[in-house]
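K.L.:
So here's upload.txt (compact mmCIF, C-alpha atoms).
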# COMPACT_ATOMS: atom_id res chain seq x y z
CA MET A 1 0.00 0.00 0.00
CA LYS A 2 1.05 3.55 -0.63
CA GLU A 3 2.47 5.40 2.38
CA PHE A 4 3.09 9.11 2.85
CA VAL A 5 6.79 9.68 2.12
CA ILE A 6 8.04 13.16 2.85
CA SER A 7 11.39 12.61 1.13
CA GLU A 8 9.60 12.61 -2.22
CA ALA A 9 8.58 16.26 -1.70
CA LYS A 10 11.93 17.67 -0.59
CA THR A 11 12.95 19.16 -3.90
CA GLU A 12 9.49 19.71 -5.37
CA THR A 13 7.77 22.99 -6.07
CA ALA A 14 4.23 23.53 -4.88
CA VAL A 15 1.13 25.58 -5.68
CA LEU A 16 -1.28 26.57 -2.90
CA VAL A 17 -5.06 26.83 -3.24
CA GLY A 18 -7.50 28.46 -0.82
CA LEU A 19 -11.02 29.87 -0.71
CA VAL A 20 -12.39 33.27 0.24
CA THR A 21 -15.84 32.85 1.78
CA LYS A 22 -18.31 34.78 3.92
CA GLU A 23 -16.80 33.17 6.99
CA GLN A 24 -13.21 33.66 5.79
CA ASP A 25 -12.35 37.01 4.18
CA GLU A 26 -9.33 37.74 1.98
CA ALA A 27 -7.14 38.78 4.92
CA LYS A 28 -7.92 35.57 6.81
CA THR A 29 -7.35 33.45 3.70
CA LYS A 30 -3.96 35.10 3.25
CA GLU A 31 -3.05 34.28 6.86
CA TYR A 32 -4.09 30.65 6.38
CA LEU A 33 -2.09 30.40 3.15
CA ASP A 34 0.92 32.00 4.87
CA GLU A 35 0.73 29.23 7.44
CA LEU A 36 0.19 26.61 4.73
CA GLU A 37 3.34 27.91 2.98
CA PHE A 38 5.25 27.59 6.25
CA LEU A 39 3.99 24.01 6.51
CA ALA A 40 5.12 23.33 2.94
CA ASP A 41 8.52 24.84 3.70
CA THR A 42 8.81 22.66 6.80
CA ALA A 43 8.04 19.65 4.60
CA GLY A 44 10.80 20.63 2.17
CA ALA A 45 8.70 22.03 -0.68
CA GLN A 46 9.06 25.43 -2.33
CA VAL A 47 5.87 27.39 -2.97
CA VAL A 48 5.89 29.17 -6.35
CA LYS A 49 2.27 30.30 -6.73
CA ARG A 50 -0.98 30.83 -4.85
CA PHE A 51 -4.51 30.62 -6.18
CA THR A 52 -7.61 31.86 -4.35
CA GLN A 53 -11.26 31.93 -5.33
CA LYS A 54 -14.27 33.69 -3.86
CA ALA A 55 -17.06 31.19 -3.26
CA ASN A 56 -19.89 30.36 -0.90
CA GLY A 57 -17.98 27.22 0.04
CA PRO A 58 -15.89 24.43 -1.44
CA SER A 59 -17.22 22.59 -4.46
CA THR A 60 -18.07 19.01 -3.55
CA VAL A 61 -16.61 17.90 -6.88
CA THR A 62 -13.33 19.79 -7.30
CA TYR A 63 -13.10 22.13 -4.24
CA VAL A 64 -12.73 25.17 -6.56
CA GLY A 65 -14.89 25.90 -9.60
CA THR A 66 -14.13 24.49 -13.04
CA GLY A 67 -12.85 27.84 -14.28
CA LYS A 68 -10.34 28.19 -11.44
CA LEU A 69 -9.29 24.56 -11.85
CA GLU A 70 -8.61 25.19 -15.53
CA GLU A 71 -6.57 28.28 -14.58
CA ILE A 72 -4.44 26.14 -12.26
CA ARG A 73 -4.09 23.45 -14.94
CA GLN A 74 -2.95 26.01 -17.50
CA TYR A 75 -0.39 27.46 -15.08
CA ILE A 76 1.05 23.98 -14.49
CA LYS A 77 1.21 23.35 -18.24
CA ASP A 78 2.91 26.71 -18.87
CA GLU A 79 5.50 25.95 -16.20
CA GLU A 80 6.16 22.54 -17.75
CA ASP A 81 6.60 24.17 -21.18
CA ALA A 82 9.16 26.49 -19.59
CA GLU A 83 10.87 23.43 -18.03
CA ARG A 84 9.79 24.47 -14.52
CA GLU A 85 7.84 21.49 -13.26
CA VAL A 86 5.20 21.92 -10.55
CA GLY A 87 5.44 18.89 -8.29
CA MET A 88 2.26 19.24 -6.27
CA VAL A 89 -0.83 21.31 -5.55
CA ILE A 90 -1.73 21.78 -1.87
CA PHE A 91 -5.26 22.72 -0.76
CA ASP A 92 -5.85 24.57 2.50
CA ASP A 93 -8.75 22.37 3.61
CA GLU A 94 -9.22 18.64 3.95
CA LEU A 95 -10.35 17.05 0.68
CA THR A 96 -12.69 14.13 0.20
CA ALA A 97 -11.77 11.08 -1.87
CA LYS A 98 -14.08 12.32 -4.63
CA GLN A 99 -12.46 15.76 -4.71
CA ILE A 100 -8.93 14.31 -4.76
CA ARG A 101 -9.81 11.91 -7.57
CA ASN A 102 -11.35 14.62 -9.75
CA ILE A 103 -8.59 17.16 -9.09
CA GLU A 104 -5.85 14.61 -9.84
CA LYS A 105 -7.59 13.69 -13.08
CA ALA A 106 -7.70 17.35 -14.15
CA LEU A 107 -4.25 18.48 -13.03
CA GLN A 108 -2.19 15.28 -13.41
CA VAL A 109 0.11 16.15 -10.47
CA LYS A 110 0.36 15.10 -6.84
CA ILE A 111 -2.52 16.50 -4.76
CA LEU A 112 -2.21 17.15 -1.04
CA ASP A 113 -4.56 18.79 1.42
CA ARG A 114 -3.71 20.51 4.70
CA THR A 115 -4.23 17.30 6.68
CA SER A 116 -2.00 15.09 4.54
CA LEU A 117 0.71 17.77 4.59
CA ILE A 118 0.64 17.90 8.39
CA LEU A 119 0.76 14.10 8.48
CA ASP A 120 3.81 14.18 6.20
CA ILE A 121 5.56 16.59 8.56
CA PHE A 122 4.66 14.48 11.57
CA ALA A 123 6.03 11.40 9.81
CA MET A 124 9.27 13.26 9.14
CA ARG A 125 9.55 14.58 12.71
CA ALA A 126 8.65 11.39 14.59
CA GLN A 127 11.68 10.03 16.43
CA THR A 128 10.49 7.64 19.14
CA ALA A 129 8.55 4.41 18.72
CA GLU A 130 5.54 6.07 20.34
CA ALA A 131 5.49 9.05 17.98
CA LYS A 132 6.02 6.83 14.94
CA THR A 133 3.13 4.59 16.02
CA GLN A 134 0.87 7.60 16.61
CA VAL A 135 1.67 9.06 13.20
CA GLU A 136 1.14 5.75 11.41
CA LEU A 137 -2.24 5.33 13.10
CA ALA A 138 -3.30 8.83 12.00
CA GLN A 139 -2.09 8.11 8.45
CA HIS A 140 -4.11 4.91 8.19
CA ARG A 141 -7.21 6.59 9.58
CA TYR A 142 -6.80 9.33 6.97
CA MET A 143 -6.16 6.81 4.18
CA LEU A 144 -9.08 4.46 4.91
CA PRO A 145 -11.98 6.56 3.51
CA ARG A 146 -9.80 7.58 0.53
CA LEU A 147 -8.77 4.09 -0.61
CA GLN A 148 -11.06 4.07 -3.62
CA ARG A 149 -9.06 6.75 -5.44
CA LEU A 150 -6.03 4.43 -5.44
CA TRP A 151 -7.93 1.97 -7.62
CA THR A 152 -9.53 4.24 -10.22
CA HIS A 153 -7.18 2.74 -12.81
CA LEU A 154 -9.18 -0.51 -12.48
CA GLU A 155 -12.56 1.08 -13.15
CA ARG A 156 -12.57 0.08 -16.82
CA GLN A 157 -11.83 -3.58 -16.00
CA GLY A 158 -15.23 -4.12 -14.42
CA GLY A 159 -17.96 -6.12 -16.12
CA GLY A 160 -21.64 -6.72 -15.68
CA SER A 161 -24.71 -4.51 -15.90
CA GLY A 162 -24.05 -0.78 -16.09
CA SER A 163 -20.28 -1.05 -16.37
CA GLY A 164 -19.65 1.43 -19.11
CA GLY A 165 -16.23 2.54 -17.90
CA GLY A 166 -14.85 5.84 -19.10
CA LYS A 167 -15.91 9.21 -17.70
CA GLY A 168 -18.48 9.23 -14.96
CA SER A 169 -18.03 5.53 -14.22
CA VAL A 170 -18.57 4.88 -10.54
CA GLY A 171 -18.15 1.78 -8.45
CA LEU A 172 -15.45 -0.84 -8.64
CA ARG A 173 -16.01 -4.37 -9.89
CA GLY A 174 -14.09 -7.57 -10.39
CA PRO A 175 -10.38 -7.37 -9.45
CA GLY A 176 -10.73 -3.73 -8.38
CA GLU A 177 -13.35 -4.58 -5.79
CA THR A 178 -11.30 -7.53 -4.54
CA GLN A 179 -8.16 -5.45 -4.14
CA LEU A 180 -10.06 -2.59 -2.52
CA GLU A 181 -11.66 -4.84 0.07
CA MET A 182 -8.32 -6.55 0.67
CA ASP A 183 -6.63 -3.21 1.33
CA ARG A 184 -9.47 -2.15 3.63
CA ARG A 185 -9.02 -5.33 5.65
CA ILE A 186 -5.26 -4.84 5.86
CA ILE A 187 -5.62 -1.23 6.99
CA LEU A 188 -8.30 -2.06 9.56
CA GLN A 189 -6.13 -4.85 10.96
CA ARG A 190 -3.16 -2.48 11.09
CA ILE A 191 -5.25 0.16 12.88
CA THR A 192 -6.28 -2.40 15.48
CA LEU A 193 -2.66 -3.46 16.00
CA LEU A 194 -1.45 0.16 16.30
CA LYS A 195 -4.17 0.94 18.83
CA GLN A 196 -3.06 -2.06 20.90
CA ARG A 197 0.55 -0.87 20.78
CA LEU A 198 -0.47 2.62 21.91
CA GLU A 199 -2.53 1.18 24.75
CA GLU A 200 0.56 -0.71 25.95
CA ILE A 201 2.69 2.42 25.65
CA ASP A 202 0.00 4.42 27.47
CA LYS A 203 0.04 1.91 30.35
CA GLN A 204 3.82 2.24 30.59
CA LYS A 205 3.54 6.04 30.53
CA THR A 206 0.84 5.98 33.23
CA THR A 207 3.09 3.85 35.42
CA GLN A 208 5.99 6.24 34.83
CA ARG A 209 3.83 9.21 35.78
CA LYS A 210 2.72 7.48 39.00
CA ASN A 211 6.35 6.82 39.91
CA ARG A 212 7.40 10.44 39.57
CA GLY A 213 6.77 11.07 43.25
CA ARG A 214 4.98 13.91 44.95
CA MET A 215 5.82 16.70 42.57
CA ILE A 216 3.68 19.28 40.81
CA ARG A 217 3.48 18.83 37.03
CA VAL A 218 3.78 21.86 34.78
CA ALA A 219 3.08 21.55 31.04
CA LEU A 220 4.15 24.02 28.36
CA VAL A 221 1.33 24.35 25.82
CA GLY A 222 0.77 26.64 22.88
CA TYR A 223 0.57 27.03 19.14
CA THR A 224 3.29 25.39 17.12
CA ASN A 225 6.56 27.34 16.76
CA VAL A 226 5.96 29.79 19.62
CA GLY A 227 9.22 28.93 21.40
CA LYS A 228 8.15 26.28 23.93
CA SER A 229 11.26 24.13 23.37
CA THR A 230 13.59 27.14 23.61
CA MET A 231 11.89 28.08 26.88
CA MET A 232 12.18 24.48 28.10
CA ASN A 233 15.90 24.45 27.37
CA LEU A 234 16.36 27.75 29.18
CA LEU A 235 14.40 26.84 32.30
CA ALA A 236 15.38 23.19 32.70
CA LYS A 237 18.87 23.49 31.21
CA SER A 238 18.00 20.61 28.90
CA GLU A 239 18.72 19.99 25.22
CA VAL A 240 15.28 19.67 23.65
CA PHE A 241 15.41 20.06 19.86
CA ALA A 242 14.36 23.59 18.93
CA GLU A 243 14.08 24.95 15.39
CA ASN A 244 12.21 27.68 13.52
CA LYS A 245 9.96 25.10 11.89
CA LEU A 246 6.42 23.95 12.57
CA PHE A 247 6.13 20.86 14.78
CA ALA A 248 9.84 20.71 15.65
CA THR A 249 8.74 18.82 18.79
CA LEU A 250 6.43 15.80 18.60
CA ASP A 251 7.42 13.71 21.61
CA THR A 252 6.64 15.06 25.04
CA THR A 253 9.83 15.76 26.98
CA VAL A 254 9.66 15.84 30.78
CA ARG A 255 12.45 17.32 32.92
CA LYS A 256 12.79 17.80 36.65
CA MET A 257 13.24 21.44 37.67
CA VAL A 258 14.26 22.92 40.99
CA ILE A 259 13.70 26.57 41.94
CA ASP A 260 14.89 27.54 45.44
CA ASN A 261 14.82 23.90 46.61
CA LEU A 262 11.28 23.41 45.25
CA PRO A 263 11.28 20.51 42.76
CA PHE A 264 8.63 20.09 40.07
CA LEU A 265 8.25 18.46 36.64
CA LEU A 266 8.24 20.52 33.45
CA ALA A 267 6.85 19.00 30.22
CA ASP A 268 7.27 20.29 26.67
CA THR A 269 4.32 19.18 24.51
CA VAL A 270 3.43 19.05 20.82
CA GLY A 271 2.21 22.38 19.43
CA PHE A 272 -1.35 22.98 18.31
CA ILE A 273 -2.41 24.43 14.96
CA ARG A 274 -5.52 25.65 13.17
CA LYS A 275 -7.52 22.90 11.49
CA LEU A 276 -5.57 20.24 13.40
CA PRO A 277 -6.85 16.88 12.09
CA THR A 278 -9.14 15.10 14.56
CA ASP A 279 -7.45 11.78 13.81
CA LEU A 280 -4.12 13.31 14.79
CA VAL A 281 -5.50 14.51 18.13
CA ASP A 282 -6.98 11.05 18.77
CA SER A 283 -3.75 9.31 17.78
CA PHE A 284 -1.66 11.53 20.06
CA LYS A 285 -3.89 10.87 23.09
CA SER A 286 -1.08 9.41 25.21
CA THR A 287 1.16 12.40 24.43
CA LEU A 288 -1.63 14.83 25.31
CA ASP A 289 -2.17 13.01 28.61
CA GLU A 290 0.75 15.07 29.91
CA VAL A 291 -1.48 18.09 29.37
CA ARG A 292 -4.51 16.43 30.94
CA GLU A 293 -2.59 15.37 34.04
CA ALA A 294 -0.69 18.64 34.51
CA ASP A 295 -1.36 20.70 37.64
CA LEU A 296 -0.39 23.95 35.91
CA LEU A 297 -0.49 24.91 32.23
CA VAL A 298 1.97 27.50 30.94
CA HIS A 299 0.42 28.84 27.74
CA VAL A 300 3.28 30.18 25.60
CA VAL A 301 2.30 32.77 22.98
CA ASP A 302 4.39 34.19 20.14
CA ILE A 303 3.51 37.86 20.63
CA SER A 304 5.44 38.81 17.48
CA HIS A 305 3.06 36.81 15.27
CA PRO A 306 0.54 39.11 13.54
CA ASP A 307 -2.29 36.71 14.33
CA PHE A 308 -1.32 35.72 17.87
CA GLU A 309 -4.79 36.46 19.29
CA GLU A 310 -6.40 33.85 17.04
CA GLN A 311 -3.61 31.42 17.94
CA ILE A 312 -4.56 31.93 21.60
CA SER A 313 -8.18 31.09 20.72
CA VAL A 314 -7.12 27.93 18.84
CA VAL A 315 -5.09 26.70 21.82
CA GLU A 316 -7.86 27.53 24.31
CA LYS A 317 -10.41 25.70 22.15
CA THR A 318 -8.15 22.64 21.91
CA LEU A 319 -7.55 22.68 25.67
CA SER A 320 -11.31 22.86 26.20
CA GLU A 321 -11.79 19.82 23.93
CA LEU A 322 -9.20 17.99 26.05
CA GLY A 323 -11.12 18.88 29.22
CA CYS A 324 -8.34 21.16 30.49
CA ALA A 325 -10.00 24.57 30.26
CA ASP A 326 -10.38 24.95 34.04
CA LYS A 327 -6.81 24.09 34.99
CA PRO A 328 -4.66 26.76 36.68
CA SER A 329 -2.71 28.54 33.96
CA LEU A 330 -0.08 31.15 33.27
CA MET A 331 0.09 32.98 29.94
CA VAL A 332 3.63 33.77 28.82
CA PHE A 333 4.00 36.14 25.88
CA ASN A 334 7.31 35.13 24.28
CA LYS A 335 9.45 36.79 21.57
CA ILE A 336 8.97 40.34 22.88
CA ASP A 337 12.31 41.15 21.22
CA ALA A 338 10.55 40.74 17.86
CA TYR A 339 7.23 42.34 18.79
CA THR A 340 6.29 45.56 16.98
CA TRP A 341 3.22 47.75 16.86
CA VAL A 342 2.02 50.00 14.06
CA GLU A 343 2.69 53.70 14.59
CA LYS A 344 0.57 56.07 12.50
CA GLU A 345 -0.66 59.61 13.08
CA PRO A 346 -4.39 60.36 12.59
CA ASP A 347 -5.20 61.46 9.02
CA ASP A 348 -1.63 60.65 7.98
CA LEU A 349 -1.54 59.31 4.41
CA THR A 350 2.03 58.00 4.66
CA PRO A 351 2.50 54.25 5.17
CA ALA A 352 2.39 53.06 8.76
CA THR A 353 5.67 52.06 10.36
CA LYS A 354 6.35 49.27 12.83
CA VAL A 355 8.03 50.25 16.08
CA ASN A 356 9.62 47.95 18.64
CA THR A 357 7.78 47.95 21.97
CA ASP A 358 9.60 47.77 25.29
CA LEU A 359 8.58 45.74 28.33
CA ALA A 360 7.17 48.73 30.20
CA ALA A 361 4.82 49.54 27.32
CA LEU A 362 3.68 45.91 27.04
CA LYS A 363 2.72 45.91 30.71
CA LYS A 364 0.17 48.66 29.95
CA THR A 365 -1.65 46.64 27.27
CA TRP A 366 -4.86 44.60 27.56
CA MET A 367 -2.71 41.50 27.88
CA ALA A 368 -1.18 42.70 31.13
CA LYS A 369 -4.67 42.91 32.66
CA LEU A 370 -4.36 39.18 33.27
CA ASN A 371 -2.36 40.36 36.32
CA ASP A 372 -0.16 37.67 37.86
CA ASN A 373 -1.34 35.19 35.23
CA CYS A 374 0.55 37.03 32.51
CA LEU A 375 4.24 37.52 31.73
CA PHE A 376 6.27 39.00 28.89
CA ILE A 377 9.61 37.37 28.04
CA SER A 378 12.11 36.66 25.32
CA ALA A 379 13.43 33.12 25.70
CA LYS A 380 15.89 33.69 22.88
CA GLU A 381 17.36 36.87 24.42
CA LYS A 382 16.83 35.62 28.01
CA GLU A 383 14.85 38.75 28.85
CA ASN A 384 12.67 38.81 31.99
CA ILE A 385 13.46 35.17 32.78
CA ASP A 386 14.06 35.89 36.48
CA GLU A 387 10.49 37.15 36.83
CA LEU A 388 9.27 34.00 35.04
CA ARG A 389 11.16 31.82 37.53
CA ASP A 390 9.73 33.80 40.46
CA VAL A 391 6.14 33.50 39.21
CA LEU A 392 6.59 29.80 38.47
CA TYR A 393 7.99 29.23 41.95
CA ARG A 394 5.08 31.02 43.61
CA LYS A 395 2.40 29.20 41.59
CA VAL A 396 4.02 25.77 41.96
CA ARG A 397 4.45 26.32 45.69
CA GLU A 398 0.77 27.21 46.12
CA LEU A 399 -0.31 24.12 44.17
CA HIS A 400 2.14 21.92 46.07
CA VAL A 401 0.73 22.99 49.46
CA GLN A 402 -2.82 22.33 48.21
CA LYS A 403 -2.00 18.90 46.77
CA TYR A 404 0.57 17.70 49.32
CA PRO A 405 -0.29 19.57 52.54
CA TYR A 406 2.04 17.50 54.75
CA ASN A 407 5.28 18.12 52.92
CA ASP A 408 7.62 19.16 55.73
CA PHE A 409 10.41 20.66 53.65
CA LEU A 410 7.98 22.99 51.95
CA TYR A 411 6.46 24.16 55.23
CA ASP A 412 9.93 24.80 56.57
CA LYS A 413 10.53 27.06 53.60
CA TYR A 414 7.21 28.80 54.19
CA GLU A 415 8.24 29.57 57.77
CA GLN A 416 11.53 31.01 56.59
CA GLU A 417 9.71 33.39 54.26
Could I get this structure in the form of structure tokens?
P.N.:
Amino acid sequence: MKEFVISEAKTETAVLVGLVTKEQDEAKTKEYLDELEFLADTAGAQVVKRFTQKANGPSTVTYVGTGKLEEIRQYIKDEEDAEREVGMVIFDDELTAKQIRNIEKALQVKILDRTSLILDIFAMRAQTAEAKTQVELAQHRYMLPRLQRLWTHLERQGGGSGSGGGKGSVGLRGPGETQLEMDRRIILQRITLLKQRLEEIDKQKTTQRKNRGRMIRVALVGYTNVGKSTMMNLLAKSEVFAENKLFATLDTTVRKMVIDNLPFLLADTVGFIRKLPTDLVDSFKSTLDEVREADLLVHVVDISHPDFEEQISVVEKTLSELGCADKPSLMVFNKIDAYTWVEKEPDDLTPATKVNTDLAALKKTWMAKLNDNCLFISAKEKENIDELRDVLYRKVRELHVQKYPYNDFLYDKYEQE
């Protein structure tokens, strides 16, 4: 069976396709396509062109209209004539099997959607046996309802009543049906096996968590590429892989931290993203258990990102779906060294300019109204890290006294203070 292989896309060029709808205006579509381009770059592909179309919603047949599809096809042909081959076309929403089949037939290139691209990146990033198993499970779940498109080349081999073949032929017969059902059985069996493996890994992880002793658990959560791993390395003096790429971290890393003789556990978790595939969330259940079982969530935000407020909403929605919305939390606005705001005089027709904002100014914004649940730092430049350590210590200490009220060493420290 065909697997997702990211190495195939490393040197390929890509075209992006998105929709402008009533729910998603041009500015929002641009933001989504910017993120999709970052995903493509992370996967090793180079984006050479973007196509957008205004519509009430995606076409159930080809996602975009026939006119836009022909425009994309002509662009691909023109590039081929100029000896600049387009390797793939990536759509910003998840495509159905029917849409993929029709688009492939029209464009004659590799077709990916946002979900399959994310799965490719996860497959590339997975390092441990657990992550690899989780990714493979998500891939098979994604592949199962789309199996039929892999056997369209057998459509004309069918016989019997109504088997005209050619355009518009639906249904698979004869050897196509046999192979399709065989592949479905194989994938279903593989899914069952992968689920069993993850259950075993989850039991081992649960045992490990129980053996960690009486320590408060703190989990770093946030959108992908906000600097969680850099912050983890800084606080815990560890060597977690950190890179300016989406999903640089897949496996949860847990380190023991000590601040003023107060020990606690700090976990770096996989980043969230808009339109995160449900199958991926389900497959990464054991990884996300670190979030569910945490006593304190540190929500890291990339304040320099132009759309950081929506990223906050995405993370909060995902945490709510995980049943973690009511957990004690601390919001840490990272990358203040790169944060700028637009300076423009009233009635000024000159272009607005971006100005760097200092820490004092940030503390006067709406974000600072979160009071002691909000901090501004730069993990990269190590700015305001002492305040972060102090706030972490105070919050962990409060939680420790609530959860383990008879911890003598902690009470001794309370008396000293």
K.L.:
So that I can see what lies close to Ile186 of chain A, please list as a PyMOL selection string the residues with an atom at most 12 Å from it, counting all atoms listed in the file and leaving out residues fewer than 5 positions away in the same chain.
P.N.:
chain A and resi 1+140+143-144+147+179-181+191-193
K.L.:
Nearest to Leu117 of chain A among A:Glu80, A:Glu104, A:Glu35, A:Glu70, with distances taken over all atoms listed in the file: which residue is it?
P.N.:
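Looking at the shortest contact to Leu117 of chain A, the residue is A:Glu35.
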K.L.:
What is the atom CA of Asp81 of chain A to atom CA of Lys110 of chain A distance in Å?
P.N.:
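Pair atom CA of Asp81 of chain A / atom CA of Lys110 of chain A returns 18.1 Å.
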K.L.:
Quote the spacing between atom CA of Ala236 of chain A and atom CA of Arg255 of chain A in Å to one decimal place.
P.N.:
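Separating atom CA of Ala236 of chain A from atom CA of Arg255 of chain A is a distance of 6.6 Å.
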K.L.:
Take the point (7.7, 36.2, 29.5) as written in the file and pick out every residue within 7 Å of it, counting only C-alpha atoms; give the list as a VMD selection string.
P.N.:
chain A and resid 332 to 334 375 to 378 384 to 385 388
K.L.:
Kindly give the distance, in Å, that separates atom CA of Gln46 of chain A and atom CA of Ala126 of chain A, rounded to a single decimal.
P.N.:
22.0 Å
K.L.:
Residues near Val135 of chain A, anyone? I mean within 10 Å using all atoms listed in the file, not counting same-chain ones fewer than 6 positions away, as a list in words.
P.N.:
Leu119, Asp120, Ile121, Phe122, Ala123, Met124, Arg125, Ala126, Ala129, Arg141, Leu194, Leu250, Asp279, Leu280, Ser283 and Phe284 of chain A
K.L.:
Find the residues near segment 303-320 of chain A: any atom within 10 Å, counting only C-alpha atoms, skip ones fewer than 5 places away on the same chain, and give them as a VMD selection string.
P.N.:
chain A and resid 28 31 221 to 224 226 271 to 276 281 288 291 to 292 297 325 to 327 331 to 341 376 to 378
K.L.:
Go ahead and save the picked residues with C-alpha atoms, as a PDB file, keeping the file's coordinate frame.
P.N.:
ATOM      1  CA  LYS A  28      -7.920  35.570   6.810  1.00  0.00           C
ATOM      2  CA  GLU A  31      -3.050  34.280   6.860  1.00  0.00           C
ATOM      3  CA  VAL A 221       1.330  24.350  25.820  1.00  0.00           C
ATOM      4  CA  GLY A 222       0.770  26.640  22.880  1.00  0.00           C
ATOM      5  CA  TYR A 223       0.570  27.030  19.140  1.00  0.00           C
ATOM      6  CA  THR A 224       3.290  25.390  17.120  1.00  0.00           C
ATOM      7  CA  VAL A 226       5.960  29.790  19.620  1.00  0.00           C
ATOM      8  CA  GLY A 271       2.210  22.380  19.430  1.00  0.00           C
ATOM      9  CA  PHE A 272      -1.350  22.980  18.310  1.00  0.00           C
ATOM     10  CA  ILE A 273      -2.410  24.430  14.960  1.00  0.00           C
ATOM     11  CA  ARG A 274      -5.520  25.650  13.170  1.00  0.00           C
ATOM     12  CA  LYS A 275      -7.520  22.900  11.490  1.00  0.00           C
ATOM     13  CA  LEU A 276      -5.570  20.240  13.400  1.00  0.00           C
ATOM     14  CA  VAL A 281      -5.500  14.510  18.130  1.00  0.00           C
ATOM     15  CA  LEU A 288      -1.630  14.830  25.310  1.00  0.00           C
ATOM     16  CA  VAL A 291      -1.480  18.090  29.370  1.00  0.00           C
ATOM     17  CA  ARG A 292      -4.510  16.430  30.940  1.00  0.00           C
ATOM     18  CA  LEU A 297      -0.490  24.910  32.230  1.00  0.00           C
ATOM     19  CA  ALA A 325     -10.000  24.570  30.260  1.00  0.00           C
ATOM     20  CA  ASP A 326     -10.380  24.950  34.040  1.00  0.00           C
ATOM     21  CA  LYS A 327      -6.810  24.090  34.990  1.00  0.00           C
ATOM     22  CA  MET A 331       0.090  32.980  29.940  1.00  0.00           C
ATOM     23  CA  VAL A 332       3.630  33.770  28.820  1.00  0.00           C
ATOM     24  CA  PHE A 333       4.000  36.140  25.880  1.00  0.00           C
ATOM     25  CA  ASN A 334       7.310  35.130  24.280  1.00  0.00           C
ATOM     26  CA  LYS A 335       9.450  36.790  21.570  1.00  0.00           C
ATOM     27  CA  ILE A 336       8.970  40.340  22.880  1.00  0.00           C
ATOM     28  CA  ASP A 337      12.310  41.150  21.220  1.00  0.00           C
ATOM     29  CA  ALA A 338      10.550  40.740  17.860  1.00  0.00           C
ATOM     30  CA  TYR A 339       7.230  42.340  18.790  1.00  0.00           C
ATOM     31  CA  THR A 340       6.290  45.560  16.980  1.00  0.00           C
ATOM     32  CA  TRP A 341       3.220  47.750  16.860  1.00  0.00           C
ATOM     33  CA  PHE A 376       6.270  39.000  28.890  1.00  0.00           C
ATOM     34  CA  ILE A 377       9.610  37.370  28.040  1.00  0.00           C
ATOM     35  CA  SER A 378      12.110  36.660  25.320  1.00  0.00           C
TER      36      SER A 378
END
K.L.:
Taking 5 positions as the minimum chain separation for residues in the same chain, which residues sit within 10 Å of Tyr404 of chain A when counting all atoms listed in the file? Answer as a list in words.
P.N.:
Arg214, Met215, Ile216, Leu399 and Leu410 of chain A
K.L.:
Which residues, written as a VMD selection string, have at least one atom at most 9 Å from segment 96-103 of chain A, with only C-alpha atoms counted and residues fewer than 3 positions away on the same chain left out?
P.N.:
chain A and resid 59 to 63 69 106 to 109 111 to 113 145 to 150 152
